[in-house]
$ cat upload04.pdb   # PDB, C-alpha atoms
ATOM      1  CA  MET A   1     -10.642 -10.416 -12.711
ATOM      2  CA  THR A   2      -7.793 -12.879 -12.339
ATOM      3  CA  ALA A   3      -5.736 -11.964  -9.286
ATOM      4  CA  PRO A   4      -2.267 -10.663 -10.213
ATOM      5  CA  GLY A   5       0.355 -13.275  -9.633
ATOM      6  CA  PRO A   6       3.592 -14.649 -11.058
ATOM      7  CA  VAL A   7       3.816 -17.390 -13.630
ATOM      8  CA  ARG A   8       6.431 -19.816 -12.320
ATOM      9  CA  GLY A   9       8.323 -22.745 -13.747
ATOM     10  CA  HIS A  10       8.503 -21.950 -17.439
ATOM     11  CA  ASN A  11      10.818 -18.974 -17.010
ATOM     12  CA  GLN A  12      13.358 -21.192 -15.273
ATOM     13  CA  ASP A  13      12.947 -24.096 -17.678
ATOM     14  CA  LEU A  14      12.974 -22.198 -20.960
ATOM     15  CA  ARG A  15      15.996 -19.910 -20.767
ATOM     16  CA  ASN A  16      17.820 -21.665 -23.571
ATOM     17  CA  GLY A  17      16.901 -20.537 -27.098
ATOM     18  CA  ARG A  18      16.706 -24.101 -28.393
ATOM     19  CA  GLU A  19      14.267 -25.049 -25.668
ATOM     20  CA  HIS A  20      12.110 -22.062 -26.596
ATOM     21  CA  GLN A  21      12.064 -23.197 -30.213
ATOM     22  CA  VAL A  22      11.181 -26.800 -29.364
ATOM     23  CA  VAL A  23       8.258 -25.678 -27.205
ATOM     24  CA  ILE A  24       7.034 -23.204 -29.834
ATOM     25  CA  GLN A  25       7.207 -25.838 -32.560
ATOM     26  CA  GLY A  26       5.187 -28.144 -30.326
ATOM     27  CA  MET A  27       2.553 -25.431 -29.825
ATOM     28  CA  ALA A  28       2.354 -24.820 -33.564
ATOM     29  CA  ALA A  29       2.045 -28.538 -34.275
ATOM     30  CA  ALA A  30      -0.712 -28.872 -31.704
ATOM     31  CA  SER A  31      -2.646 -26.088 -33.414
ATOM     32  CA  GLY A  32      -2.330 -27.887 -36.740
ATOM     33  CA  ALA A  33       0.046 -25.289 -38.137
ATOM     34  CA  GLY A  34       3.736 -24.561 -38.216
ATOM     35  CA  ILE A  35       5.961 -21.520 -38.223
ATOM     36  CA  ALA A  36       7.107 -22.366 -41.730
ATOM     37  CA  ASN A  37       3.446 -22.312 -42.803
ATOM     38  CA  ALA A  38       2.850 -18.771 -41.552
ATOM     39  CA  THR A  39       2.853 -17.063 -44.930
ATOM     40  CA  ARG A  40       3.952 -13.434 -44.876
ATOM     41  CA  HIS A  41       2.919 -10.680 -47.271
ATOM     42  CA  ASP A  42       4.355  -7.147 -47.205
ATOM     43  CA  ARG A  43       2.660  -4.117 -48.681
ATOM     44  CA  TYR A  44       2.052  -0.409 -48.310
ATOM     45  CA  ALA A  45      -1.258   1.227 -47.498
ATOM     46  CA  ASP A  46      -2.137   4.805 -48.366
ATOM     47  CA  ILE A  47      -3.674   6.324 -45.237
ATOM     48  CA  SER A  48      -4.619   9.996 -45.498
ATOM     49  CA  GLY A  49      -1.990  10.519 -48.166
ATOM     50  CA  ARG A  50       0.757   8.851 -46.120
ATOM     51  CA  ARG A  51       2.476   5.590 -47.053
ATOM     52  CA  ILE A  52       2.220   3.077 -44.191
ATOM     53  CA  GLY A  53       4.225  -0.164 -44.181
ATOM     54  CA  VAL A  54       2.141  -3.267 -43.452
ATOM     55  CA  SER A  55       3.006  -6.947 -43.043
ATOM     56  CA  ALA A  56       0.494  -9.767 -42.661
ATOM     57  CA  TRP A  57       0.853 -13.418 -41.743
ATOM     58  CA  ASN A  58      -1.826 -15.898 -42.933
ATOM     59  CA  TYR A  59      -4.127 -13.040 -43.917
ATOM     60  CA  PRO A  60      -6.783 -13.205 -45.291
ATOM     61  CA  ALA A  61      -7.705 -15.935 -42.835
ATOM     62  CA  GLN A  62      -8.744 -19.335 -44.091
ATOM     63  CA  SER A  63      -9.862 -20.356 -40.604
ATOM     64  CA  GLY A  64     -12.344 -17.526 -40.155
ATOM     65  CA  ARG A  65     -10.595 -16.512 -36.940
ATOM     66  CA  LEU A  66     -10.309 -12.861 -35.992
ATOM     67  CA  PRO A  67      -7.079 -11.120 -37.047
ATOM     68  CA  ILE A  68      -4.640 -10.025 -34.360
ATOM     69  CA  VAL A  69      -3.275  -6.532 -35.059
ATOM     70  CA  LEU A  70       0.108  -5.724 -33.510
ATOM     71  CA  LEU A  71       0.935  -2.234 -32.228
ATOM     72  CA  HIS A  72       4.652  -1.668 -31.672
ATOM     73  CA  ASP A  73       6.526   0.143 -28.919
ATOM     74  CA  SER A  74       8.076   3.629 -28.849
ATOM     75  CA  LEU A  75      11.238   2.706 -30.771
ATOM     76  CA  GLY A  76       9.613  -0.150 -32.640
ATOM     77  CA  ALA A  77       8.847  -1.215 -36.175
ATOM     78  CA  ILE A  78       7.666  -4.350 -37.936
ATOM     79  CA  GLY A  79      11.251  -5.597 -38.142
ATOM     80  CA  LEU A  80      11.732  -5.391 -34.391
ATOM     81  CA  TRP A  81       8.929  -7.901 -33.804
ATOM     82  CA  ARG A  82      11.333 -10.353 -35.477
ATOM     83  CA  ASP A  83       9.856 -13.894 -35.641
ATOM     84  CA  PHE A  84       7.129 -13.297 -33.095
ATOM     85  CA  PRO A  85       4.275 -12.505 -35.551
ATOM     86  CA  ALA A  86       4.920 -15.751 -37.454
ATOM     87  CA  MET A  87       5.012 -17.683 -34.173
ATOM     88  CA  LEU A  88       1.801 -16.018 -33.028
ATOM     89  CA  ALA A  89       0.002 -16.842 -36.272
ATOM     90  CA  ALA A  90       1.236 -20.435 -36.287
ATOM     91  CA  CYS A  91       0.492 -21.173 -32.642
ATOM     92  CA  THR A  92      -2.909 -19.495 -32.343
ATOM     93  CA  GLY A  93      -4.329 -20.089 -35.816
ATOM     94  CA  HIS A  94      -5.253 -16.395 -35.967
ATOM     95  CA  PRO A  95      -3.970 -14.271 -38.847
ATOM     96  CA  VAL A  96      -1.593 -11.518 -37.697
ATOM     97  CA  ILE A  97      -1.174  -7.993 -39.048
ATOM     98  CA  ALA A  98       1.567  -5.534 -38.079
ATOM     99  CA  TYR A  99       2.182  -2.005 -39.300
ATOM    100  CA  ASP A 100       4.796   0.707 -38.912
ATOM    101  CA  ARG A 101       3.251   3.805 -37.390
ATOM    102  CA  LEU A 102       3.815   7.064 -39.247
ATOM    103  CA  GLY A 103       7.442   8.078 -38.742
ATOM    104  CA  PHE A 104       8.606   4.528 -37.977
ATOM    105  CA  GLY A 105      10.082   1.625 -39.918
ATOM    106  CA  ASN A 106       9.254   1.743 -43.627
ATOM    107  CA  SER A 107       6.353   4.157 -43.261
ATOM    108  CA  ASP A 108       6.666   7.771 -44.365
ATOM    109  CA  SER A 109       8.511  10.187 -42.134
ATOM    110  CA  HIS A 110       6.407  12.103 -39.641
ATOM    111  CA  PRO A 111       6.019  15.769 -40.617
ATOM    112  CA  SER A 112       6.134  17.165 -37.072
ATOM    113  CA  ARG A 113       6.549  16.368 -33.387
ATOM    114  CA  LEU A 114       4.129  14.026 -31.656
ATOM    115  CA  GLY A 115       1.218  15.690 -29.913
ATOM    116  CA  HIS A 116       0.707  14.855 -26.256
ATOM    117  CA  ASP A 117      -2.521  12.999 -27.098
ATOM    118  CA  PHE A 118      -0.789  10.779 -29.657
ATOM    119  CA  ILE A 119      -1.713   7.573 -27.817
ATOM    120  CA  ARG A 120      -5.451   8.202 -28.173
ATOM    121  CA  ASP A 121      -5.102   9.802 -31.614
ATOM    122  CA  GLU A 122      -3.706   6.630 -33.202
ATOM    123  CA  ALA A 123      -7.138   4.931 -33.206
ATOM    124  CA  HIS A 124      -8.834   7.270 -35.661
ATOM    125  CA  ALA A 125      -5.764   8.634 -37.421
ATOM    126  CA  PHE A 126      -4.338   5.313 -38.608
ATOM    127  CA  LEU A 127      -5.628   2.126 -36.949
ATOM    128  CA  LEU A 128      -9.259   2.425 -38.021
ATOM    129  CA  PRO A 129      -8.447   3.597 -41.591
ATOM    130  CA  LEU A 130      -5.969   0.729 -41.904
ATOM    131  CA  MET A 131      -8.547  -1.811 -40.736
ATOM    132  CA  ASP A 132     -10.993  -0.409 -43.286
ATOM    133  CA  HIS A 133      -8.322  -0.522 -46.006
ATOM    134  CA  LEU A 134      -7.611  -4.194 -45.242
ATOM    135  CA  GLU A 135     -11.337  -4.978 -44.849
ATOM    136  CA  VAL A 136     -10.894  -6.052 -41.232
ATOM    137  CA  GLU A 137     -14.333  -5.746 -39.681
ATOM    138  CA  GLN A 138     -13.267  -6.753 -36.177
ATOM    139  CA  ALA A 139      -9.869  -7.436 -34.628
ATOM    140  CA  ILE A 140      -7.996  -8.413 -31.498
ATOM    141  CA  LEU A 141      -5.326  -5.858 -30.626
ATOM    142  CA  PHE A 142      -1.911  -6.837 -29.228
ATOM    143  CA  GLY A 143       0.152  -3.877 -28.087
ATOM    144  CA  HIS A 144       3.676  -3.784 -26.690
ATOM    145  CA  SER A 145       4.666  -0.951 -24.326
ATOM    146  CA  VAL A 146       3.134   2.302 -25.641
ATOM    147  CA  GLY A 147       1.433   0.151 -28.286
ATOM    148  CA  GLY A 148      -0.478  -1.441 -25.424
ATOM    149  CA  GLY A 149      -1.729   1.977 -24.363
ATOM    150  CA  MET A 150      -2.782   2.651 -27.940
ATOM    151  CA  ALA A 151      -4.610  -0.683 -28.083
ATOM    152  CA  LEU A 152      -6.563   0.089 -24.917
ATOM    153  CA  ALA A 153      -7.415   3.624 -26.032
ATOM    154  CA  ALA A 154      -8.547   2.289 -29.413
ATOM    155  CA  ALA A 155     -10.799  -0.336 -27.807
ATOM    156  CA  ALA A 156     -12.408   2.395 -25.693
ATOM    157  CA  GLN A 157     -13.129   4.476 -28.807
ATOM    158  CA  LEU A 158     -14.054   1.639 -31.200
ATOM    159  CA  PRO A 159     -16.070  -0.852 -29.135
ATOM    160  CA  GLY A 160     -17.748  -2.407 -32.159
ATOM    161  CA  ARG A 161     -14.485  -3.031 -33.983
ATOM    162  CA  ILE A 162     -12.199  -4.300 -31.217
ATOM    163  CA  ALA A 163     -13.079  -7.726 -29.802
ATOM    164  CA  ALA A 164     -10.293  -7.964 -27.196
ATOM    165  CA  VAL A 165      -7.028  -6.365 -26.119
ATOM    166  CA  ILE A 166      -3.759  -8.027 -25.174
ATOM    167  CA  THR A 167      -1.102  -5.782 -23.649
ATOM    168  CA  GLU A 168       2.528  -6.572 -22.986
ATOM    169  CA  SER A 169       4.622  -4.263 -20.785
ATOM    170  CA  ALA A 170       2.102  -1.458 -21.284
ATOM    171  CA  GLN A 171       2.109   1.776 -19.286
ATOM    172  CA  ALA A 172      -1.186   3.033 -17.888
ATOM    173  CA  PHE A 173       0.137   6.275 -16.379
ATOM    174  CA  VAL A 174       3.395   8.186 -16.014
ATOM    175  CA  GLU A 175       5.437   6.515 -13.281
ATOM    176  CA  ASP A 176       8.804   7.576 -11.848
ATOM    177  CA  ARG A 177      10.208   4.165 -12.782
ATOM    178  CA  THR A 178       9.177   4.759 -16.398
ATOM    179  CA  LEU A 179      10.847   8.170 -16.514
ATOM    180  CA  GLU A 180      14.016   6.833 -14.898
ATOM    181  CA  GLY A 181      14.219   4.107 -17.530
ATOM    182  CA  ILE A 182      13.718   6.624 -20.334
ATOM    183  CA  ARG A 183      16.419   8.948 -18.959
ATOM    184  CA  ALA A 184      18.859   6.029 -18.788
ATOM    185  CA  ALA A 185      18.002   4.999 -22.358
ATOM    186  CA  LYS A 186      18.424   8.571 -23.589
ATOM    187  CA  LYS A 187      21.916   8.653 -22.074
ATOM    188  CA  ASN A 188      22.803   5.364 -23.790
ATOM    189  CA  PHE A 189      21.688   6.714 -27.152
ATOM    190  CA  ALA A 190      24.272   9.483 -26.885
ATOM    191  CA  ASP A 191      26.558   6.792 -28.335
ATOM    192  CA  PRO A 192      26.358   7.204 -32.161
ATOM    193  CA  ALA A 193      26.650   3.427 -32.588
ATOM    194  CA  GLN A 194      23.396   2.944 -30.676
ATOM    195  CA  LEU A 195      21.561   5.376 -32.937
ATOM    196  CA  ALA A 196      23.050   3.685 -36.012
ATOM    197  CA  ARG A 197      21.698   0.329 -34.817
ATOM    198  CA  LEU A 198      18.269   1.862 -34.325
ATOM    199  CA  ALA A 199      18.385   3.367 -37.825
ATOM    200  CA  LYS A 200      18.628  -0.125 -39.353
ATOM    201  CA  TYR A 201      14.981  -0.676 -38.430
ATOM    202  CA  HIS A 202      13.838   2.731 -39.663
ATOM    203  CA  GLY A 203      14.860   2.793 -43.307
ATOM    204  CA  ASN A 204      18.598   3.047 -42.522
ATOM    205  CA  ASP A 205      17.902   6.737 -42.032
ATOM    206  CA  LEU A 206      19.758   8.411 -39.154
ATOM    207  CA  GLU A 207      17.528  11.485 -39.282
ATOM    208  CA  LYS A 208      14.454   9.292 -39.032
ATOM    209  CA  ALA A 209      15.984   7.324 -36.165
ATOM    210  CA  ARG A 210      16.703  10.556 -34.316
ATOM    211  CA  TRP A 211      13.047  11.574 -34.746
ATOM    212  CA  VAL A 212      11.944   8.171 -33.397
ATOM    213  CA  LEU A 213      14.176   8.535 -30.347
ATOM    214  CA  ASP A 214      13.079  12.109 -29.647
ATOM    215  CA  ALA A 215       9.416  11.195 -30.147
ATOM    216  CA  TRP A 216       9.844   8.781 -27.254
ATOM    217  CA  THR A 217      12.136  10.573 -24.833
ATOM    218  CA  GLU A 218      11.082  14.188 -25.311
ATOM    219  CA  THR A 219       7.353  13.418 -25.284
ATOM    220  CA  TRP A 220       7.397  11.274 -22.126
ATOM    221  CA  LEU A 221       9.828  13.550 -20.275
ATOM    222  CA  ALA A 222       7.882  16.725 -21.097
ATOM    223  CA  PRO A 223       6.205  18.339 -18.058
ATOM    224  CA  GLU A 224       2.931  18.603 -20.022
ATOM    225  CA  PHE A 225       2.811  14.811 -20.317
ATOM    226  CA  ALA A 226       3.184  14.151 -16.586
ATOM    227  CA  GLY A 227      -0.562  13.840 -15.976
ATOM    228  CA  TRP A 228      -1.252  11.370 -18.785
ATOM    229  CA  SER A 229      -3.285   8.317 -17.752
ATOM    230  CA  LEU A 230      -5.442   5.603 -19.307
ATOM    231  CA  GLU A 231      -7.936   5.683 -16.458
ATOM    232  CA  GLU A 232     -10.696   7.298 -18.522
ATOM    233  CA  ASP A 233     -10.153   4.865 -21.406
ATOM    234  CA  LEU A 234     -10.123   1.810 -19.138
ATOM    235  CA  ARG A 235     -13.498   2.726 -17.674
ATOM    236  CA  LYS A 236     -14.998   2.711 -21.182
ATOM    237  CA  LEU A 237     -13.814  -0.762 -22.172
ATOM    238  CA  ARG A 238     -16.386  -3.366 -23.168
ATOM    239  CA  CYS A 239     -14.111  -6.234 -24.143
ATOM    240  CA  PRO A 240     -11.847  -8.822 -22.486
ATOM    241  CA  VAL A 241      -8.315  -7.679 -21.621
ATOM    242  CA  LEU A 242      -5.116  -9.612 -20.925
ATOM    243  CA  ALA A 243      -2.329  -7.546 -19.326
ATOM    244  CA  MET A 244       1.096  -9.265 -19.322
ATOM    245  CA  HIS A 245       4.105  -7.769 -17.575
ATOM    246  CA  GLY A 246       7.602  -8.771 -16.502
ATOM    247  CA  ASP A 247       8.527  -8.280 -12.862
ATOM    248  CA  LEU A 248      11.931  -6.896 -13.953
ATOM    249  CA  ASP A 249      10.485  -4.386 -16.426
ATOM    250  CA  GLU A 250      12.680  -1.291 -16.220
ATOM    251  CA  PHE A 251       9.959   0.916 -17.714
ATOM    252  CA  GLY A 252       7.069   0.129 -15.388
ATOM    253  CA  SER A 253       6.092  -1.682 -12.207
ATOM    254  CA  GLY A 254       3.317  -4.201 -11.663
ATOM    255  CA  ARG A 255       0.968  -1.336 -10.880
ATOM    256  CA  HIS A 256       0.362  -0.921 -14.616
ATOM    257  CA  PRO A 257      -1.057  -4.384 -15.437
ATOM    258  CA  GLU A 258      -2.980  -4.374 -12.176
ATOM    259  CA  MET A 259      -4.646  -1.114 -13.180
ATOM    260  CA  ILE A 260      -5.268  -2.295 -16.761
ATOM    261  CA  ALA A 261      -6.894  -5.559 -15.696
ATOM    262  CA  GLY A 262      -8.579  -4.285 -12.556
ATOM    263  CA  LEU A 263     -10.059  -0.871 -13.288
ATOM    264  CA  PRO A 264     -12.693  -1.672 -15.955
ATOM    265  CA  SER A 265     -16.080  -2.449 -14.414
ATOM    266  CA  ALA A 266     -18.092  -3.081 -17.569
ATOM    267  CA  PHE A 267     -16.746  -6.612 -18.076
ATOM    268  CA  ALA A 268     -16.367  -8.048 -14.585
ATOM    269  CA  GLY A 269     -14.312 -11.225 -14.614
ATOM    270  CA  GLN A 270     -12.830 -10.600 -18.084
ATOM    271  CA  GLY A 271      -9.719  -8.670 -17.050
ATOM    272  CA  GLU A 272      -6.615 -10.814 -16.544
ATOM    273  CA  CYS A 273      -3.244  -9.743 -15.124
ATOM    274  CA  VAL A 274      -0.243 -12.040 -15.562
ATOM    275  CA  MET A 275       3.202 -11.261 -14.126
ATOM    276  CA  PHE A 276       6.219 -13.107 -15.562
ATOM    277  CA  GLU A 277       8.999 -13.833 -13.096
ATOM    278  CA  GLY A 278      12.529 -12.925 -14.124
ATOM    279  CA  CYS A 279      11.343 -11.077 -17.224
ATOM    280  CA  GLY A 280      12.068  -7.550 -18.408
ATOM    281  CA  HIS A 281      10.391  -5.158 -20.826
ATOM    282  CA  VAL A 282      10.267  -7.425 -23.900
ATOM    283  CA  PRO A 283       8.771 -10.779 -22.822
ATOM    284  CA  HIS A 284       7.962 -11.818 -26.407
ATOM    285  CA  ARG A 285      11.708 -11.781 -27.119
ATOM    286  CA  GLU A 286      12.964 -12.909 -23.704
ATOM    287  CA  ASN A 287      10.541 -15.814 -23.340
ATOM    288  CA  PRO A 288       8.367 -16.192 -26.439
ATOM    289  CA  ALA A 289       7.104 -19.655 -25.451
ATOM    290  CA  LEU A 290       5.675 -18.355 -22.187
ATOM    291  CA  VAL A 291       4.042 -15.359 -23.887
ATOM    292  CA  LEU A 292       2.527 -17.564 -26.583
ATOM    293  CA  GLU A 293       1.221 -20.065 -24.033
ATOM    294  CA  THR A 294      -0.403 -17.233 -22.047
ATOM    295  CA  VAL A 295      -1.936 -15.646 -25.140
ATOM    296  CA  MET A 296      -3.249 -18.976 -26.423
ATOM    297  CA  GLY A 297      -4.955 -19.656 -23.109
ATOM    298  CA  PHE A 298      -6.614 -16.233 -23.173
ATOM    299  CA  LEU A 299      -7.807 -16.656 -26.760
ATOM    300  CA  ASN A 300      -9.112 -20.166 -26.129
ATOM    301  CA  ARG A 301     -11.144 -18.939 -23.168
ATOM    302  CA  HIS A 302     -12.724 -16.031 -25.003
ATOM    303  CA  PHE A 303     -12.692 -17.055 -28.687
ATOM    304  CA  PRO A 304     -12.906 -20.846 -28.915
ATOM    305  CA  GLY A 305     -12.829 -21.703 -32.603
ATOM    306  CA  LYS A 306     -12.922 -18.055 -33.669
TER     307      LYS A 306
END
$ encode --input "upload04.pdb" --output "C-alpha cells"
Amino acid sequence: MTAPGPVRGHNQDLRNGREHQVVIQGMAAASGAGIANATRHDRYADISGRRIGVSAWNYPAQSGRLPIVLLHDSLGAIGLWRDFPAMLAACTGHPVIAYDRLGFGNSDSHPSRLGHDFIRDEAHAFLLPLMDHLEVEQAILFGHSVGGGMALAAAAQLPGRIAAVITESAQAFVEDRTLEGIRAAKKNFADPAQLARLAKYHGNDLEKARWVLDAWTETWLAPEFAGWSLEEDLRKLRCPVLAMHGDLDEFGSGRHPEMIAGLPSAFAGQGECVMFEGCGHVPHRENPALVLETVMGFLNRHFPGK
C-alpha cells in the first residue's frame, strides 16, 4: 500500500484554468489523442423496464483498452461531469462510459425512496445489467463521492467483471464531518434558486430535483443509516484500488481514503491513497490536470497497454 501523503506542487502551479487546459492538452497529445478526438455518443438503455441515460466516449474501443465506467455522486448526473469524461478518454486512451442512475439526470424518475442498502444494491440492480447491455465484459470503475462507495461495493460483488477501482472523495463510513457537510448543504438548498439550478441537470424537473436532494440528505441523516460502512466490502476486494481525496473535502476527512486503500488484505501493495493539498470535494473540477495525472500513473502501473 502506498503510504498516504499529499501531492505537492501541481496544486499551486495549476490554479489558473488556462494552465489546466494547457497541461491537459499536453497529456492528451502525449497519449496520441486529443480532447477533440474523444467522440461522444448518447443513448438510452432499457434496464429492468426503466430508461437509463448513457453517454460514451470513444466506445467501442479501438485500442482494446478496458472501458472506464463513471459512477456519479449523490446530486450528480452525466452533465455534472462536464468535460472530464472527454479529458479522461483522451488522456488515458481508455474508452469512458457514464450513466445517470435511476432517478437522476435523464434517466426515469425513481418510483420510491432509496433503501438504506442502495450503495450495495446498485451493482446488481443497474451496473451489471448495463455492462451486459453494452457488452462490457470487464471494466475499471471510477466513482465520485457516493459513486466511489458504489464502485467499491460492486467490485466486492463482481470480482470477475471489475478489474480495478478508482475513487475520488469517497466515503467509507458515516463520519460526523460528512453529516455536518450534508446539514449545511440542506440549509443552502432551502433557497429556491439553488434547487432550480440543480433541476437543470435532472431534466429541468423541480420535482425530480427535490427527490434527488432528499435521496441524499434524508438517507444519510437517517438514524438507521448511521452504522453504514464499507468495511465488509473492502475485505472482499481482489483488484487494485486508487483512493484520491482532497484535504479540504467538506464531506469527509482523510480517514476515508486511508481506510479504502489500507483495509483490503487480498491484494497487498495494490492499494494507493493520494491526498491532494488545497483541494475540496470535487478534485476533477477543481484540478483536473492533477487528477488525470494521478489516474494515468495508476493505470500505467496496473494496465500497461490495456
$ atom_distance --input "upload04.pdb" --atom1 "CA of Asn58 (chain A)" --atom2 "CA of Val165 (chain A)"
20.0 Å
$ atom_distance --input "upload04.pdb" --atom1 "CA of Ala56 (chain A)" --atom2 "CA of Met150 (chain A)"
19.5 Å
$ closest_residue --input "upload04.pdb" --among "A:His94, A:His110, A:His281, A:His133" --to "Ala209 (chain A)" --atoms "all atoms listed in the file"
A:His110
$ resolve_selection --input "upload04.pdb" --expression "the PyMOL selection byres ((chain A and resi 47) around 9)" --output "list in words"
Ala45, Asp46, Ser48, Gly49, Arg50, Arg51, Ile52, Ala125, Phe126, Pro129, Leu130 and His133 of chain A
$ write_last_selection --input "upload04.pdb" --atoms "C-alpha atoms" --output "CSV table (one decimal), in the frame of the given file"
chain,number,residue,atom,x,y,z
A,45,ALA,CA,-1.3,1.2,-47.5
A,46,ASP,CA,-2.1,4.8,-48.4
A,48,SER,CA,-4.6,10.0,-45.5
A,49,GLY,CA,-2.0,10.5,-48.2
A,50,ARG,CA,0.8,8.9,-46.1
A,51,ARG,CA,2.5,5.6,-47.1
A,52,ILE,CA,2.2,3.1,-44.2
A,125,ALA,CA,-5.8,8.6,-37.4
A,126,PHE,CA,-4.3,5.3,-38.6
A,129,PRO,CA,-8.4,3.6,-41.6
A,130,LEU,CA,-6.0,0.7,-41.9
A,133,HIS,CA,-8.3,-0.5,-46.0
$ atom_distance --input "upload04.pdb" --atom1 "CA of Ala61 (chain A)" --atom2 "CA of Gly93 (chain A)"
8.8 Å
$ closest_residue --input "upload04.pdb" --among "A:His256, A:Lys236, A:His41, A:Lys187" --to "Val146 (chain A)" --atoms "all atoms listed in the file"
A:His256
$ decode --input "upload04.pdb" --residues "region 120-127 of chain A" --atoms "all heavy atoms" --output "short mmCIF file (atom, residue, chain, number, x, y, z; two decimals), in the first residue's frame"
data_model
loop_
_atom_site.label_atom_id
_atom_site.label_comp_id
_atom_site.auth_asym_id
_atom_site.auth_seq_id
_atom_site.Cartn_x
_atom_site.Cartn_y
_atom_site.Cartn_z
N ARG A 120 -24.85 -0.75 -2.03
CA ARG A 120 -24.54 -2.11 -2.47
C ARG A 120 -25.49 -2.57 -3.57
O ARG A 120 -25.10 -3.32 -4.47
CB ARG A 120 -24.59 -3.08 -1.29
CG ARG A 120 -23.46 -2.90 -0.30
CD ARG A 120 -23.41 -4.02 0.72
NE ARG A 120 -22.30 -3.83 1.64
CZ ARG A 120 -22.42 -3.19 2.81
NH1 ARG A 120 -23.60 -2.72 3.19
NH2 ARG A 120 -21.37 -3.03 3.59
N ASP A 121 -26.74 -2.15 -3.51
CA ASP A 121 -27.75 -2.62 -4.46
C ASP A 121 -27.46 -2.21 -5.89
O ASP A 121 -27.89 -2.88 -6.83
CB ASP A 121 -29.14 -2.11 -4.06
CG ASP A 121 -29.67 -2.77 -2.80
OD1 ASP A 121 -29.10 -3.80 -2.40
OD2 ASP A 121 -30.64 -2.24 -2.22
N GLU A 122 -26.74 -1.09 -6.08
CA GLU A 122 -26.52 -0.57 -7.43
C GLU A 122 -25.81 -1.59 -8.32
O GLU A 122 -26.07 -1.65 -9.54
CB GLU A 122 -25.70 0.71 -7.36
CG GLU A 122 -25.50 1.42 -8.69
CD GLU A 122 -26.79 2.00 -9.27
OE1 GLU A 122 -27.76 2.17 -8.51
OE2 GLU A 122 -26.80 2.28 -10.49
N ALA A 123 -24.95 -2.42 -7.77
CA ALA A 123 -24.15 -3.36 -8.57
C ALA A 123 -25.03 -4.29 -9.39
O ALA A 123 -24.85 -4.42 -10.61
CB ALA A 123 -23.22 -4.16 -7.66
N HIS A 124 -25.97 -4.94 -8.74
CA HIS A 124 -26.80 -5.92 -9.46
C HIS A 124 -28.06 -5.30 -10.06
O HIS A 124 -28.59 -5.82 -11.04
CB HIS A 124 -27.18 -7.06 -8.51
CG HIS A 124 -26.05 -8.01 -8.25
ND1 HIS A 124 -25.64 -8.95 -9.16
CD2 HIS A 124 -25.21 -8.14 -7.19
CE1 HIS A 124 -24.62 -9.63 -8.68
NE2 HIS A 124 -24.33 -9.16 -7.48
N ALA A 125 -28.51 -4.20 -9.48
CA ALA A 125 -29.74 -3.58 -9.99
C ALA A 125 -29.52 -2.89 -11.33
O ALA A 125 -30.35 -3.00 -12.24
CB ALA A 125 -30.29 -2.59 -8.96
N PHE A 126 -28.37 -2.19 -11.48
CA PHE A 126 -28.18 -1.42 -12.70
C PHE A 126 -26.79 -1.54 -13.33
O PHE A 126 -26.68 -1.61 -14.55
CB PHE A 126 -28.51 0.07 -12.45
CG PHE A 126 -29.97 0.29 -12.21
CD1 PHE A 126 -30.45 0.41 -10.92
CD2 PHE A 126 -30.87 0.34 -13.27
CE1 PHE A 126 -31.80 0.59 -10.69
CE2 PHE A 126 -32.22 0.52 -13.05
CZ PHE A 126 -32.69 0.63 -11.75
N LEU A 127 -25.73 -1.54 -12.54
CA LEU A 127 -24.39 -1.55 -13.13
C LEU A 127 -24.15 -2.81 -13.95
O LEU A 127 -23.75 -2.74 -15.13
CB LEU A 127 -23.33 -1.41 -12.04
CG LEU A 127 -21.88 -1.50 -12.53
CD1 LEU A 127 -21.56 -0.38 -13.53
CD2 LEU A 127 -20.90 -1.45 -11.35
#
